[in-house]
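**Q** Structure incoming, see below.
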Amino acid sequence: MDTPRPHPASYWLLGGTLLLFLALLILPMTHWIAANQSVRLFVMPNDYVVLLKDLGVKEFPYTADLRGVERARQETIQRNPGDYDIQLAAALAYYPPPDTPAENFYTARLAPLRALKARFPEHRSTLSAHILRYACSHLHRHHDHASRRRPDLLR
Amino acid sequence: MTTRPGGVLTSYDKVPSEQRPAMRRDAYVAYLRKIGHAPESDWAQQELDAGPKTRAVLEAGMTQSILGGKQLEGLFQQWTLNMLLLINALELLILGGAMLLLTALRRDTGNTPLMVALMLFSVFVILALAGPFTHWVEAFMAFHSVVQNLSGTDTSPTSFQDMLRSSVPIMKASVLGLSLMGPLLALLILGFLRLVRSKEPGSVVASGLRTGGLAAALILMAVYGATLFVTLQKEAQANSALDRILQSEPRYLAELQGRSWPP
């Protein structure tokens, strides 16, 4: 005996569901959220975990792949060279490589902030305040050593 | 400066704590007048009087704020609901599509459809156990908890339902079960029908999944689309609230209570 063939309605149901899903993915109003939620069904919450770690959550059982986040951060910094806020955030978040000699650490730490003074002259005073803040923090913590380098640090 | 006017240390140990701010203010204002700064004493009095009012506005507003109240929790729940609807719709779509393919290949007889459906369901279970969806729910809950801690709002559960909702293992298990609910129910119902109608030609599982299963997938996708608009509305409200917080959080908190700012 022949098995019953599928009713055409089955194809309509399959096509209709796919079409509706595609429409939600394509429509400008729903695109970002539908795409975001679809991706989240298959991608681990890397960006969220980084955010949680930044906020001080230590006991999260899942470890983020920080390389991808760092790559995205660098791309954002390079894509927005004229955005003062982004460039300031990048300079403030900068930490010298671990092999930097201890006596040069804070000079290297402040170098990106100093470099921003030339690129954003309209924000010179704010940048000087940031440099002063970090330099004073260093002087406070390492007074004996820093006192010899004070003119250099505060420049 | 206001606590030790003129450098004199006054002990308020025997004074009830609610009276201490007023006594400190009076002592400071009296000191300013004594040293010939009467105009500044008026200003200081206004500022010190505004302190408790400001605190009251901020504390009451924080419970209604996007950062402290139920809004953020509602947004997370909406995202979880969306993702549950989407995952169930996609699973039923895959099952129905597989059954359509089997039918087109004329392989929809005997035990083949049931075996294929069970194999696909096993894949869904493995993906649900190892996949990122439950991690997202855990991350949402952790983020919500951090925001509540930072905003200083009460995080202790007040009811049994709240206690269940704040438990990570229970939420993960619930989400895991709900993410497989669509295909599980479909397979249970069709498995039962297969036993009852064992003499019917063709596979009940194949025909059920390519009709009822796909119809359920379409309905779930339509519901997903509808709830997506609710989520978008909540997202817009949250974004607007965050923008207002960036501009002036105290003004935002005061406006939530229908008060003016400054108080």
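Going through the structure tokens in order, the chains are called A, B, and so on, while each chain numbers its residues from 1 and the ligands are numbered from 1 in the order shown.
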Per residue of chain A within 7 Å of chain B, which atom pair is closest and at what distance in Å (one decimal), using only C-alpha atoms, listed by chain and increasing number, as a Markdown table?

**A**
```
| residue | atom | partner | partner_atom | distance |
| --- | --- | --- | --- | --- |
| A:Thr3 | CA | B:Gly202 | CA | 5.3 |
| A:Pro4 | CA | B:Gly202 | CA | 6.7 |
| A:Arg5 | CA | B:Thr103 | CA | 6.8 |
| A:Pro6 | CA | B:Thr103 | CA | 6.8 |
| A:Ser10 | CA | B:Thr211 | CA | 5.5 |
| A:Leu13 | CA | B:Leu214 | CA | 5.8 |
| A:Leu14 | CA | B:Leu214 | CA | 6.1 |
| A:Gly16 | CA | B:Leu218 | CA | 6.8 |
| A:Thr17 | CA | B:Leu218 | CA | 4.7 |
| A:Phe21 | CA | B:Met221 | CA | 6.9 |
| A:Leu24 | CA | B:Gly225 | CA | 6.9 |
| A:Gln37 | CA | B:Met83 | CA | 6.3 |
| A:Arg40 | CA | B:Phe133 | CA | 6.8 |
| A:Leu41 | CA | B:Phe133 | CA | 5.4 |
| A:Phe42 | CA | B:Pro132 | CA | 6.0 |
| A:Val43 | CA | B:Pro132 | CA | 5.9 |
| A:Met44 | CA | B:Pro132 | CA | 4.7 |
| A:Pro45 | CA | B:Trp136 | CA | 5.9 |
| A:Tyr48 | CA | B:Ala139 | CA | 6.6 |
| A:Val49 | CA | B:Ala139 | CA | 7.0 |
| A:Leu52 | CA | B:Phe143 | CA | 6.4 |
```

**Q** Restrict the selected residues to C-alpha atoms and save them as a PDB file, in the first residue's frame.

**A**
```pdb
ATOM      1  CA  THR A   3       1.998   5.686   2.076  1.00  0.00           C
ATOM      2  CA  PRO A   4       0.001   8.957   2.089  1.00  0.00           C
ATOM      3  CA  ARG A   5       1.943  11.839   0.573  1.00  0.00           C
ATOM      4  CA  PRO A   6       2.270  15.070   2.603  1.00  0.00           C
ATOM      5  CA  SER A  10       2.726  21.015   5.375  1.00  0.00           C
ATOM      6  CA  LEU A  13       3.399  25.655   7.276  1.00  0.00           C
ATOM      7  CA  LEU A  14       7.144  25.080   6.856  1.00  0.00           C
ATOM      8  CA  GLY A  16       5.302  30.246   6.529  1.00  0.00           C
ATOM      9  CA  THR A  17       7.348  29.630   9.692  1.00  0.00           C
ATOM     10  CA  PHE A  21      11.451  34.091  11.065  1.00  0.00           C
ATOM     11  CA  LEU A  24      11.734  39.211  11.887  1.00  0.00           C
ATOM     12  CA  GLN A  37      18.558  36.498  20.348  1.00  0.00           C
ATOM     13  CA  ARG A  40      22.629  33.973  21.768  1.00  0.00           C
ATOM     14  CA  LEU A  41      21.129  30.506  21.307  1.00  0.00           C
ATOM     15  CA  PHE A  42      24.480  29.339  19.926  1.00  0.00           C
ATOM     16  CA  VAL A  43      27.120  31.705  21.343  1.00  0.00           C
ATOM     17  CA  MET A  44      28.424  31.738  24.905  1.00  0.00           C
ATOM     18  CA  PRO A  45      27.874  34.983  26.843  1.00  0.00           C
ATOM     19  CA  TYR A  48      28.358  39.514  29.531  1.00  0.00           C
ATOM     20  CA  VAL A  49      30.951  37.583  31.508  1.00  0.00           C
ATOM     21  CA  LEU A  52      30.255  40.819  35.163  1.00  0.00           C
TER      22      LEU A  52
END
```

**Q** Of the residues A:Ile77, A:Pro8, A:Arg119, A:Ser38, which is the one nearest to A:Leu22, using only C-alpha atoms?

**A**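 Residue with the minimum atom-to-atom distance to A:Leu22: A:Ser38.
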
**Q** With distances taken over only C-alpha atoms, which residue among B:Ala236, B:Val57, B:Leu118, B:Ala226 lies nearest B:Pro183?

**A**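 Residue with the minimum atom-to-atom distance to B:Pro183: B:Leu118.
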
**Q** Can you work out which one of A:Asn104, A:Asn46, A:Thr76, A:Gln87 has the shortest atom-to-atom distance to A:Lys117, counting only C-alpha atoms?

**A** A:Gln87

**Q** Find the spatial neighbours of stretch 242-247 of chain B, counting only C-alpha atoms, within a cut-off of 9 Å - ignore same-chain residues fewer than 6 positions away - and output them as a ChimeraX atom specification.

**A** /B:66-67,253

**Q** With N, CA and C atoms kept, could you save the residues just selected as a compact mmCIF listing (two decimals), in the first residue's frame?

**A**
```
# COMPACT_ATOMS: atom_id res chain seq x y z
N ILE B 66 15.15 52.14 36.95
CA ILE B 66 15.50 51.01 36.08
C ILE B 66 16.62 50.19 36.72
N LEU B 67 17.48 50.83 37.50
CA LEU B 67 18.62 50.12 38.09
C LEU B 67 18.25 49.38 39.37
N LEU B 253 15.10 60.34 39.30
CA LEU B 253 14.49 59.66 40.45
C LEU B 253 13.37 60.50 41.05
```
